[in-house]
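The file input.cif comes next; it holds mmCIF, C-alpha atoms.
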data_protein
loop_
_atom_site.label_atom_id
_atom_site.label_comp_id
_atom_site.auth_asym_id
_atom_site.auth_seq_id
_atom_site.Cartn_x
_atom_site.Cartn_y
_atom_site.Cartn_z
CA MET U 1 139.23 83.33 155.65
CA ASN U 2 142.69 81.89 155.64
CA SER U 3 143.33 82.34 159.29
CA THR U 4 140.77 80.73 161.51
CA GLN U 5 141.82 82.62 164.61
CA ILE U 6 140.25 86.05 165.15
CA THR U 7 142.66 88.53 166.68
CA ARG U 8 142.70 92.29 167.19
CA ASP U 9 145.03 92.56 164.19
CA ASN U 10 142.73 90.81 161.71
CA VAL U 11 139.36 91.61 163.27
CA GLU U 12 138.72 94.27 160.57
CA GLU U 13 138.91 91.65 157.84
CA TRP U 14 136.66 89.31 159.81
CA LEU U 15 134.09 92.06 160.33
CA PHE U 16 134.25 92.94 156.63
CA GLU U 17 133.71 89.33 155.63
CA TYR U 18 130.95 89.02 158.20
CA CYS U 19 129.12 91.98 156.67
CA GLU U 20 129.74 90.74 153.16
CA GLY U 21 128.12 87.43 154.06
CA THR U 22 130.97 85.32 152.76
CA LEU U 23 131.62 83.46 156.02
CA THR U 24 130.49 79.98 156.82
CA ASP U 25 128.11 79.38 159.68
CA GLU U 26 130.98 78.28 161.91
CA GLU U 27 133.00 81.40 161.08
CA LYS U 28 129.99 83.58 161.77
CA LEU U 29 129.63 82.00 165.18
CA ASN U 30 133.30 82.65 165.83
CA VAL U 31 132.92 86.34 164.93
CA GLU U 32 129.83 86.69 167.10
CA ALA U 33 131.66 84.98 169.97
CA PHE U 34 134.61 87.37 169.56
CA ILE U 35 132.29 90.40 169.61
CA SER U 36 130.53 89.14 172.68
CA GLN U 37 133.89 88.74 174.38
CA ASN U 38 135.02 92.21 173.13
CA PRO U 39 131.98 94.54 173.23
CA GLU U 40 133.96 97.53 171.92
CA TYR U 41 133.84 95.87 168.50
CA ARG U 42 130.07 95.84 168.47
CA GLU U 43 130.11 99.54 167.59
CA GLU U 44 132.83 98.87 165.06
CA LEU U 45 130.58 96.27 163.44
CA SER U 46 127.77 98.85 163.23
CA PHE U 47 130.10 101.27 161.40
CA TRP U 48 130.95 98.52 158.96
CA GLU U 49 127.26 97.92 158.40
CA ASP U 50 126.70 101.65 157.86
CA SER U 51 129.31 101.72 155.10
CA TYR U 52 126.90 99.99 152.73
CA LEU U 53 125.21 102.26 150.25
CA PRO U 54 121.45 102.61 150.57
CA GLN U 55 119.35 101.43 147.67
CA LEU U 56 118.40 104.03 145.12
CA SER U 57 114.84 105.19 145.15
CA ALA U 58 112.93 104.79 141.92
CA SER U 59 112.96 108.03 140.02
CA PRO U 60 111.33 108.98 136.71
CA LEU U 61 113.34 108.90 133.54
CA PRO U 62 114.95 112.25 132.73
CA PRO U 63 114.18 113.88 129.34
CA GLU U 64 117.51 112.81 127.87
CA ALA U 65 116.61 109.20 128.64
CA GLN U 66 113.23 109.62 126.96
CA GLN U 67 115.05 110.63 123.81
CA LEU U 68 116.91 107.34 123.84
CA LEU U 69 113.72 105.32 123.63
CA LYS U 70 113.05 103.91 120.21
CA THR U 71 109.61 104.03 118.67
CA ASN U 72 108.24 100.83 117.33
CA TYR U 73 108.02 102.00 113.76
CA PHE U 74 109.17 99.43 111.28
CA HIS U 75 112.81 99.79 110.44
CA LEU U 76 112.93 98.47 106.94
CA LYS U 77 116.23 97.73 105.41
CA PHE U 78 116.85 99.04 101.94
CA SER U 79 117.00 95.51 100.57
CA THR U 80 113.64 94.63 102.13
CA LEU U 81 112.13 97.81 100.77
CA PHE U 82 113.54 97.04 97.33
CA LYS U 83 112.09 93.53 97.42
CA CYS U 84 108.67 94.86 98.39
CA MET U 85 108.80 97.40 95.58
CA ALA U 86 109.80 94.72 93.09
CA VAL U 87 106.95 92.44 94.14
CA LEU U 88 104.44 95.27 93.98
CA SER U 89 105.60 96.39 90.56
CA ALA U 90 105.46 92.81 89.26
CA LEU U 91 101.93 92.42 90.59
CA SER U 92 100.81 95.70 89.09
CA PHE U 93 102.37 94.74 85.76
CA ILE U 94 100.51 91.43 85.78
CA LEU U 95 97.26 93.18 86.64
CA ILE U 96 97.75 95.71 83.86
CA LEU U 97 98.40 92.93 81.37
CA TYR U 98 95.36 91.03 82.57
CA PHE U 99 93.01 93.97 82.29
CA LYS U 100 94.46 94.99 78.97
CA SER U 101 93.93 91.54 77.50
CA HIS U 102 90.48 91.40 79.06
CA ASN U 103 89.52 94.71 77.48
CA GLU U 104 90.89 93.67 74.14
CA GLY U 105 88.95 90.43 74.36
CA SER U 106 85.72 92.25 75.12
CA LYS U 107 86.37 94.74 72.33
CA SER U 108 87.04 91.96 69.85
CA GLN U 109 83.90 90.22 71.03
CA GLN U 110 81.92 93.36 70.47
CA LYS U 111 83.47 93.76 67.06
CA SER U 112 82.73 90.18 66.15
CA ILE U 113 79.15 90.60 67.28
CA LEU U 114 78.80 93.64 65.08
CA LYS U 115 80.43 91.83 62.22
CA THR U 116 78.06 88.90 62.45
CA ASP U 117 75.26 91.29 61.75
CA LYS U 118 76.83 92.54 58.57
CA HIS U 119 79.42 90.03 57.51
CA ILE U 120 79.34 86.52 56.37
CA ARG U 121 82.48 84.55 56.29
CA HIS U 122 82.74 82.60 53.16
CA SER U 123 85.15 79.94 52.01
CA GLU U 124 84.88 78.05 48.83
CA ASN U 125 88.30 76.68 48.21
CA PRO U 126 88.23 72.94 49.02
CA ALA U 127 91.98 72.92 49.32
CA VAL U 128 91.78 75.22 52.29
CA PRO U 129 90.63 73.73 55.59
CA GLU U 130 87.05 74.35 56.57
CA LYS U 131 87.92 76.52 59.48
CA ARG U 132 89.93 78.78 57.33
CA GLN U 133 87.74 81.42 55.86
CA LEU U 134 89.07 82.88 52.72
CA GLU U 135 86.92 85.85 52.14
CA THR U 136 84.35 87.96 53.81
CA LEU U 137 81.34 89.06 51.89
CA ARG U 138 79.26 91.92 52.96
CA ILE U 139 75.65 91.61 52.05
CA VAL U 140 74.10 94.88 51.10
CA LYS U 141 70.83 95.89 49.66
CA ALA U 142 70.68 95.50 45.96
CA ASP U 143 68.61 97.56 43.59
CA ASN U 144 67.17 94.44 42.14
CA PRO U 145 64.29 93.27 44.39
CA LYS U 146 64.95 89.67 43.46
CA SER U 147 68.54 89.88 44.38
CA GLU U 148 67.48 91.44 47.64
CA ILE U 149 65.34 88.43 48.36
CA LEU U 150 68.19 86.16 47.52
CA ASN U 151 70.56 88.16 49.63
CA THR U 152 68.25 87.95 52.57
CA LYS U 153 67.83 84.23 52.17
CA ILE U 154 71.52 83.65 51.94
CA VAL U 155 72.13 85.69 55.02
CA GLU U 156 69.39 83.96 56.96
CA LYS U 157 70.62 80.53 55.99
CA ILE U 158 74.17 81.31 56.88
CA GLN U 159 73.27 82.87 60.17
CA GLU U 160 70.87 80.15 61.23
CA ASN U 161 73.03 77.19 60.38
CA ASN U 162 76.43 78.73 60.56
CA LEU U 163 77.11 77.50 57.09
CA LYS U 164 79.36 78.49 54.31
CA VAL U 165 77.98 79.92 51.13
CA SER U 166 78.63 76.67 49.35
CA ASP U 167 76.34 74.86 51.77
CA ILE U 168 73.33 76.93 50.90
CA ALA U 169 70.77 75.61 48.47
CA ILE U 170 69.37 78.51 46.61
CA SER U 171 65.61 78.54 46.40
CA PRO U 172 63.75 78.36 43.06
CA ASP U 173 63.06 82.05 43.31
CA SER U 174 66.67 82.68 43.03
CA ALA U 175 66.84 80.53 39.90
CA SER U 176 65.08 83.21 38.04
CA VAL U 177 67.73 85.52 39.07
CA GLU U 178 70.44 85.46 36.64
CA PRO U 179 73.44 83.85 38.19
CA GLY U 180 75.85 86.38 39.34
CA GLY U 181 73.21 89.04 39.09
CA LEU U 182 73.46 89.87 42.66
CA LEU U 183 77.06 89.10 43.15
CA PRO U 184 78.59 92.25 41.73
CA LYS U 185 76.73 94.11 44.40
CA LEU U 186 77.97 91.72 46.98
CA ASN U 187 81.48 91.76 45.80
CA ASN U 188 81.71 95.50 45.67
CA GLU U 189 81.92 95.29 49.41
CA ILE U 190 84.44 92.53 49.56
CA THR U 191 87.03 93.13 52.13
CA ASP U 192 90.64 92.57 51.45
CA GLU U 193 91.02 89.64 53.79
CA TYR U 194 92.78 86.65 52.22
CA THR U 195 92.22 87.98 48.80
CA ARG U 196 95.66 86.86 47.80
CA GLU U 197 94.91 83.30 48.81
CA ALA U 198 91.60 83.19 47.09
CA PRO U 199 91.57 81.12 43.94
CA VAL U 200 92.41 83.32 41.05
CA ALA U 201 90.19 82.84 38.07
CA ASN U 202 91.06 83.11 34.48
CA PRO U 203 91.45 86.83 33.91
CA LEU U 204 90.12 86.97 30.36
CA PRO U 205 86.51 85.82 30.97
CA ALA U 206 86.50 87.82 34.14
CA ASP U 207 86.98 91.01 32.22
CA GLN U 208 84.13 90.15 29.95
CA THR U 209 81.82 89.26 32.78
CA GLU U 210 82.83 92.35 34.53
CA LYS U 211 81.72 94.52 31.70
CA LYS U 212 78.30 92.96 31.73
CA GLU U 213 77.86 93.21 35.44
CA LEU U 214 79.06 96.72 35.56
CA GLY U 215 76.66 97.66 32.83
CA LYS U 216 73.79 95.91 34.55
CA ASN U 217 74.36 97.77 37.76
CA ASN U 218 75.10 101.06 36.04
CA ILE U 219 78.57 101.09 37.48
CA THR U 220 81.14 102.58 35.28
CA LYS U 221 84.47 100.95 35.05
CA ALA U 222 86.15 104.09 36.22
CA LYS U 223 84.35 103.78 39.56
CA LEU U 224 86.05 100.52 40.37
CA SER U 225 89.68 100.04 40.89
CA PRO U 226 91.39 97.23 38.98
CA SER U 227 91.65 95.13 42.10
CA GLN U 228 87.97 95.56 42.78
CA ARG U 229 87.15 94.63 39.25
CA ARG U 230 89.20 91.48 39.55
CA LYS U 231 87.44 90.62 42.73
CA VAL U 232 84.08 91.11 41.11
CA ALA U 233 85.01 88.84 38.29
CA ARG U 234 86.38 86.27 40.67
CA GLU U 235 83.23 86.21 42.70
CA ILE U 236 81.07 85.93 39.64
CA ARG U 237 82.91 82.85 38.57
CA LYS U 238 82.71 81.40 42.02
CA ALA U 239 78.98 81.97 42.15
CA GLN U 240 78.54 80.37 38.77
CA ASP U 241 80.49 77.34 39.86
CA LEU U 242 78.51 77.18 43.03
CA LYS U 243 75.25 77.37 41.23
CA GLU U 244 76.25 74.62 38.91
CA GLN U 245 77.26 72.39 41.74
CA GLU U 246 74.04 73.02 43.58
CA GLN U 247 71.96 72.17 40.57
CA LEU U 248 73.88 68.99 40.07
CA MET U 249 73.34 68.08 43.70
CA ASN U 250 69.62 68.81 43.47
CA GLY U 251 69.21 66.77 40.31
CA ASN U 252 68.34 69.75 38.19
CA LYS U 253 69.74 70.42 34.87
CA PRO U 254 73.24 71.56 35.03
CA TYR U 255 73.50 75.21 34.86
CA ILE U 256 75.03 76.25 31.64
CA VAL U 257 77.44 78.97 32.00
CA PRO U 258 76.54 81.60 29.50
CA SER U 259 79.05 82.10 26.88
CA ASP U 260 80.98 85.23 26.55
CA GLU U 261 78.91 86.30 23.57
CA THR U 262 75.62 85.95 25.40
CA MET U 263 77.06 87.76 28.35
CA GLN U 264 77.96 90.62 26.16
CA MET I 1 117.59 92.26 120.68
CA LYS I 2 114.24 93.73 119.89
CA ILE I 3 113.16 97.33 120.35
CA GLU I 4 111.06 96.37 123.35
CA LYS I 5 114.09 94.92 125.12
CA TYR I 6 116.17 97.96 124.31
CA ASN I 7 113.51 100.34 125.64
CA GLU I 8 113.17 98.20 128.73
CA ALA I 9 116.91 98.43 129.28
CA VAL I 10 116.78 102.21 128.98
CA LYS I 11 113.98 102.40 131.53
CA LEU I 12 115.61 99.98 133.94
CA TYR I 13 119.24 100.94 133.78
CA TYR I 14 119.50 104.57 132.73
CA ASN I 15 119.24 106.03 136.20
CA ARG I 16 121.43 103.33 137.74
CA LEU I 17 124.08 103.73 135.10
CA PHE I 18 123.99 107.49 135.44
CA TRP I 19 124.31 107.29 139.18
CA TYR I 20 127.15 104.82 138.89
CA VAL I 21 129.15 106.99 136.48
CA ALA I 22 128.26 110.23 138.20
CA LYS I 23 129.41 108.92 141.58
CA SER I 24 132.45 107.11 140.22
CA ALA I 25 133.69 110.00 138.11
CA ASP I 26 132.26 112.69 140.36
CA ASP I 27 131.03 114.51 137.28
CA ASN I 28 127.36 114.68 136.31
CA ASP I 29 127.92 116.10 132.84
CA LEU I 30 130.45 113.42 132.04
CA ALA I 31 128.02 110.82 133.36
CA LYS I 32 125.28 112.04 131.01
CA ASP I 33 127.59 111.86 128.02
CA ILE I 34 128.90 108.42 128.91
CA VAL I 35 125.44 106.99 129.54
CA GLN I 36 124.17 108.37 126.24
CA ASP I 37 127.14 106.80 124.48
CA CYS I 38 126.51 103.50 126.23
CA PHE I 39 122.92 103.27 125.02
CA ALA I 40 123.90 104.39 121.54
CA LYS I 41 126.45 101.57 121.44
CA LEU I 42 123.85 99.19 122.83
CA TRP I 43 121.50 100.04 119.96
CA ILE I 44 124.23 99.64 117.38
CA GLU I 45 125.44 96.36 118.85
CA ARG I 46 122.00 95.03 119.70
CA LYS I 47 122.34 92.04 117.41
CA ASN I 48 125.56 90.90 119.06
CA ILE I 49 124.46 91.30 122.66
CA ASP I 50 122.82 88.59 124.69
CA GLU I 51 119.52 89.85 126.06
CA ASN I 52 120.33 88.38 129.47
CA LYS I 53 123.64 90.25 129.71
CA ILE I 54 122.56 93.75 128.83
CA LYS I 55 123.12 95.17 132.29
CA PRO I 56 126.72 93.96 132.80
CA TRP I 57 127.49 94.97 129.23
CA LEU I 58 126.22 98.50 129.88
CA PHE I 59 128.16 98.86 133.13
CA SER I 60 131.29 97.47 131.52
CA VAL I 61 131.08 99.92 128.63
CA ALA I 62 130.31 102.78 130.99
CA HIS I 63 133.22 101.85 133.26
CA ASN I 64 135.69 101.64 130.38
CA SER I 65 134.48 104.94 128.93
CA MET I 66 134.82 106.57 132.29
CA ILE I 67 138.34 105.21 132.87
CA ASN I 68 139.40 106.30 129.39
CA HIS I 69 138.01 109.75 129.98
CA ILE I 70 139.73 110.06 133.32
CA LYS I 71 143.00 108.96 131.78
CA ARG I 72 142.61 111.49 129.01
CA GLU I 73 141.87 114.22 131.46
CA LYS I 74 144.81 113.13 133.58
CA LYS I 75 142.62 113.13 136.57
CA SER I 76 143.31 109.54 137.24
CA VAL I 77 145.76 108.94 140.02
CA SER I 78 147.37 105.64 140.68
CA ILE I 79 144.93 103.69 142.72
CA GLU I 80 147.52 102.39 145.09
CA GLN I 81 149.05 105.83 145.66
CA SER I 82 145.83 107.71 146.04
CA GLY I 83 144.70 108.26 149.55
CA LEU I 84 141.35 109.06 150.95
CA HIS I 85 140.33 112.61 150.30
CA GLU I 86 138.90 114.29 153.28
CA PRO I 87 135.19 114.47 152.68
CA GLN I 88 133.64 117.88 152.97
CA VAL I 89 130.61 116.84 154.91
CA PRO I 90 128.46 119.60 156.26
CA ILE I 91 128.18 118.84 159.92
CA ASN I 92 124.84 119.67 161.33
CA SER I 93 122.48 117.99 163.66
CA GLU I 94 120.01 116.96 160.93
CA PHE I 95 122.36 115.09 158.60
CA GLU I 96 121.46 111.60 157.60
CA THR I 97 123.60 108.52 157.16
CA LYS I 98 122.77 108.43 153.46
CA GLU I 99 124.14 111.88 152.86
CA VAL I 100 127.23 111.10 154.90
CA ILE I 101 127.91 107.98 152.89
CA GLU I 102 127.44 109.80 149.61
CA LYS I 103 129.81 112.52 150.69
CA CYS I 104 132.34 110.00 151.94
CA LEU I 105 132.02 108.08 148.69
CA GLU I 106 133.11 111.16 146.78
CA GLY I 107 136.39 111.04 148.66
CA LEU I 108 137.24 107.53 147.46
CA PRO I 109 139.35 106.73 144.41
CA SER I 110 137.21 106.10 141.38
CA ILE I 111 137.94 102.37 141.15
CA GLN I 112 136.92 101.80 144.78
CA ARG I 113 133.80 103.90 144.26
CA SER I 114 132.91 101.94 141.18
CA ILE I 115 133.32 98.62 142.89
CA ILE I 116 131.31 99.67 145.94
CA ILE I 117 128.50 100.98 143.74
CA LEU I 118 128.48 97.84 141.63
CA LYS I 119 128.45 95.69 144.74
CA ASP I 120 125.96 97.57 146.87
CA LEU I 121 123.58 99.10 144.36
CA GLU I 122 123.69 96.71 141.47
CA GLY I 123 124.18 93.53 143.49
CA TYR I 124 127.01 92.11 141.43
CA ASP I 125 129.31 89.52 142.95
CA TYR I 126 133.09 89.70 142.80
CA LYS I 127 133.31 87.72 139.58
CA GLU I 128 130.82 89.94 137.72
CA ILE I 129 132.48 93.09 139.02
CA GLY I 130 135.80 91.67 137.82
CA LYS I 131 134.35 91.19 134.34
CA ILE I 132 132.98 94.72 134.24
CA THR I 133 136.07 96.42 135.55
CA GLY I 134 138.63 94.07 134.04
CA LEU I 135 140.03 93.08 137.42
CA SER I 136 140.53 89.70 139.06
CA MET I 137 138.27 88.54 141.86
CA GLU I 138 141.06 89.02 144.39
CA GLN I 139 141.71 92.56 143.22
CA VAL I 140 138.01 93.33 143.43
CA LYS I 141 137.87 92.00 146.94
CA VAL I 142 140.92 94.01 148.03
CA TYR I 143 139.61 97.24 146.48
CA LEU I 144 136.22 96.66 148.00
CA PHE I 145 137.70 96.05 151.47
CA ARG I 146 139.85 99.17 151.26
CA GLY I 147 137.08 101.35 149.95
CA ARG I 148 134.57 100.13 152.50
CA GLN I 149 137.09 100.49 155.30
CA LYS I 150 137.66 104.11 154.32
CA LEU I 151 133.94 104.69 154.22
CA LYS I 152 133.56 103.08 157.60
CA ASN I 153 136.29 105.25 159.08
CA SER I 154 134.78 108.41 157.61
CA ILE I 155 131.37 107.55 158.99
CA LYS I 156 132.92 106.70 162.33
CA GLU I 157 134.75 110.03 162.46
CA ILE I 158 131.68 112.03 161.61
CA LYS I 159 129.46 110.21 164.05
CA LEU I 160 131.99 110.48 166.81
CA LEU I 161 132.26 114.20 166.21
CA LEU I 162 128.55 114.67 166.77
#
What would you get if you wrote out this structure as structure tokens?
Amino acid sequence: MNSTQITRDNVEEWLFEYCEGTLTDEEKLNVEAFISQNPEYREELSFWEDSYLPQLSASPLPPEAQQLLKTNYFHLKFSTLFKCMAVLSALSFILILYFKSHNEGSKSQQKSILKTDKHIRHSENPAVPEKRQLETLRIVKADNPKSEILNTKIVEKIQENNLKVSDIAISPDSASVEPGGLLPKLNNEITDEYTREAPVANPLPADQTEKKELGKNNITKAKLSPSQRRKVAREIRKAQDLKEQEQLMNGNKPYIVPSDETMQ
Amino acid sequence: MKIEKYNEAVKLYYNRLFWYVAKSADDNDLAKDIVQDCFAKLWIERKNIDENKIKPWLFSVAHNSMINHIKREKKSVSIEQSGLHEPQVPINSEFETKEVIEKCLEGLPSIQRSIIILKDLEGYDYKEIGKITGLSMEQVKVYLFRGRQKLKNSIKEIKLLL
């Protein structure tokens, strides 16, 4: 209060300040002293005290307030949602790729297992690296029982030792088999893999050999396509070379390649 | 501000804010609309509002909305020129002081009512009331004194009549 003296003119302000609680202890004592000296203001002070609003009693929330309450569901922004979708799609894409490659791997494994039963990979070209397999020969039953024996032995040797055809030493039984006798049968099943890279033999003797082999196996020329015939001839020459090399390695007499006349 | 804080604010302040606007504007329907708007603005502005100042923010927004509405409706009278309306208090032997005060409060100008409600019910000091209402501390004190004096006189008249 600016004025320290309480008078009848400013007593209202003093009583207001007294009720508001903004007076110092000394000022409060002054007001109380004034009221004690002027008892008619005691009632006035009670009216001032009555002018204060009573505290509100706690009441339940009305329905319109309940509507204002927010549920705690997640409020995703569009950008956050987009990011989540992108991550999920990327993950699913990776999973699809993984399973696809896994399935392909298992399929190829199955195929390779099946092929090992029926196919022998064969490479004879020294210029080509060992790992590179030029041709695939399919061993099939031959009409000739001897050739069947030889076939079986070749297959067994290759499968047991994981060797190439050139690594196999043909047993004496097979010596009685005329070189190349079994090969037309083998080569009839030659697949087309790497056939272009296979060493191409001289075409003229191949034709002659072909005639003989076709006649021996009762296969008419019309039954074979020209490419098959060339393959047959090629394989015959390869087998002859192989045989010769093997005999040289074993110390036997070199195998004499039959002349074209004897072949015919 | 998180959802939990917002919901807490609704539960704590809805009734108080409604009472404040309803008594200040003397219009319950207007009070409902203003309070709904206040909480809608609170939700929109939740990121920009300090969690410790939600209550004064709500009362400030409610006060401004109410004043704007009164101005638009041309119900607002110059505070200085407006006198105390004679309260229509039903005089009977069973009336209570609370009812008398509420009836007398209705006769006060809206700014005085607002300040008295903010002071008595919400416990704000002069500075906080000044921030809410956009008045200086001195103005708040003057309006509060005048409003409370009118209330006191009304109560005195009624009690003396009985």
**Asked** Expanded to explicit residues, what is the PyMOL selection byres ((chain I) within 7 of (chain U)) for this file, as JSON, numbers by chain?
**Response** {"I": [3, 7, 10, 11, 14, 98, 101, 120, 121, 145, 148, 151, 152, 155, 156]}
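The interatomic distance for the pair CA of Ala31 (chain I) and CA of Tyr13 (chain I) works out to 13.2 Å.
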**Asked** Smallest atom-to-atom distance to Gln149 (chain I): which of I:Leu108, I:Ile67, I:Met137, I:Leu118, using only C-alpha atoms?
**Response** I:Leu108
Six-sided padding of 4 Å per side, axis-aligned box over region 238-243 of chain U, centre and edges in Å, one decimal, as lines of an AutoDock Vina configuration file:
center_x = 79.0
center_y = 79.6
center_z = 40.9
size_x = 15.5
size_y = 12.8
size_z = 12.3
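In this comparison, which uses all atoms listed in the file, the residue of I:Lys32, I:Asn48, I:Pro56, I:Lys23 approaching Ala9 (chain I) most closely is I:Pro56.
Going from CA of Gly107 (chain I) over to CA of Glu138 (chain I), you cover 22.9 Å.
Put simply, CA of Arg113 (chain I) is 10.4 Å away from CA of Ala22 (chain I).
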**Prompt:** Do you know which residues are at most 8 Å from Leu58 (chain I) counting all atoms listed in the file, after dropping those on the same chain fewer than 6 positions away, and could you put them as a list in words?
**Reply:** Leu17, Cys38, Phe39 and Leu42 of chain I
**Prompt:** Any chance you could work out the residue set of the PyMOL selection byres ((chain U and resi 29-37) around 10) here, as a count of residues only?
**Reply:** 24
May I have the protein, DNA and RNA residues with any atom at most 10 Å from the point (128.2, 103.2, 138.3), counting only C-alpha atoms, written as a CSV table (one decimal) with C-alpha atoms, in the frame of the given file?
chain,number,residue,atom,x,y,z
I,15,ASN,CA,119.2,106.0,136.2
I,16,ARG,CA,121.4,103.3,137.7
I,17,LEU,CA,124.1,103.7,135.1
I,18,PHE,CA,124.0,107.5,135.4
I,19,TRP,CA,124.3,107.3,139.2
I,20,TYR,CA,127.2,104.8,138.9
I,21,VAL,CA,129.2,107.0,136.5
I,22,ALA,CA,128.3,110.2,138.2
I,23,LYS,CA,129.4,108.9,141.6
I,24,SER,CA,132.4,107.1,140.2
I,25,ALA,CA,133.7,110.0,138.1
I,31,ALA,CA,128.0,110.8,133.4
I,35,VAL,CA,125.4,107.0,129.5
I,58,LEU,CA,126.2,98.5,129.9
I,59,PHE,CA,128.2,98.9,133.1
I,60,SER,CA,131.3,97.5,131.5
I,62,ALA,CA,130.3,102.8,131.0
I,63,HIS,CA,133.2,101.8,133.3
I,66,MET,CA,134.8,106.6,132.3
I,110,SER,CA,137.2,106.1,141.4
I,113,ARG,CA,133.8,103.9,144.3
I,114,SER,CA,132.9,101.9,141.2
I,115,ILE,CA,133.3,98.6,142.9
I,116,ILE,CA,131.3,99.7,145.9
I,117,ILE,CA,128.5,101.0,143.7
I,118,LEU,CA,128.5,97.8,141.6
I,119,LYS,CA,128.4,95.7,144.7
I,121,LEU,CA,123.6,99.1,144.4
I,122,GLU,CA,123.7,96.7,141.5
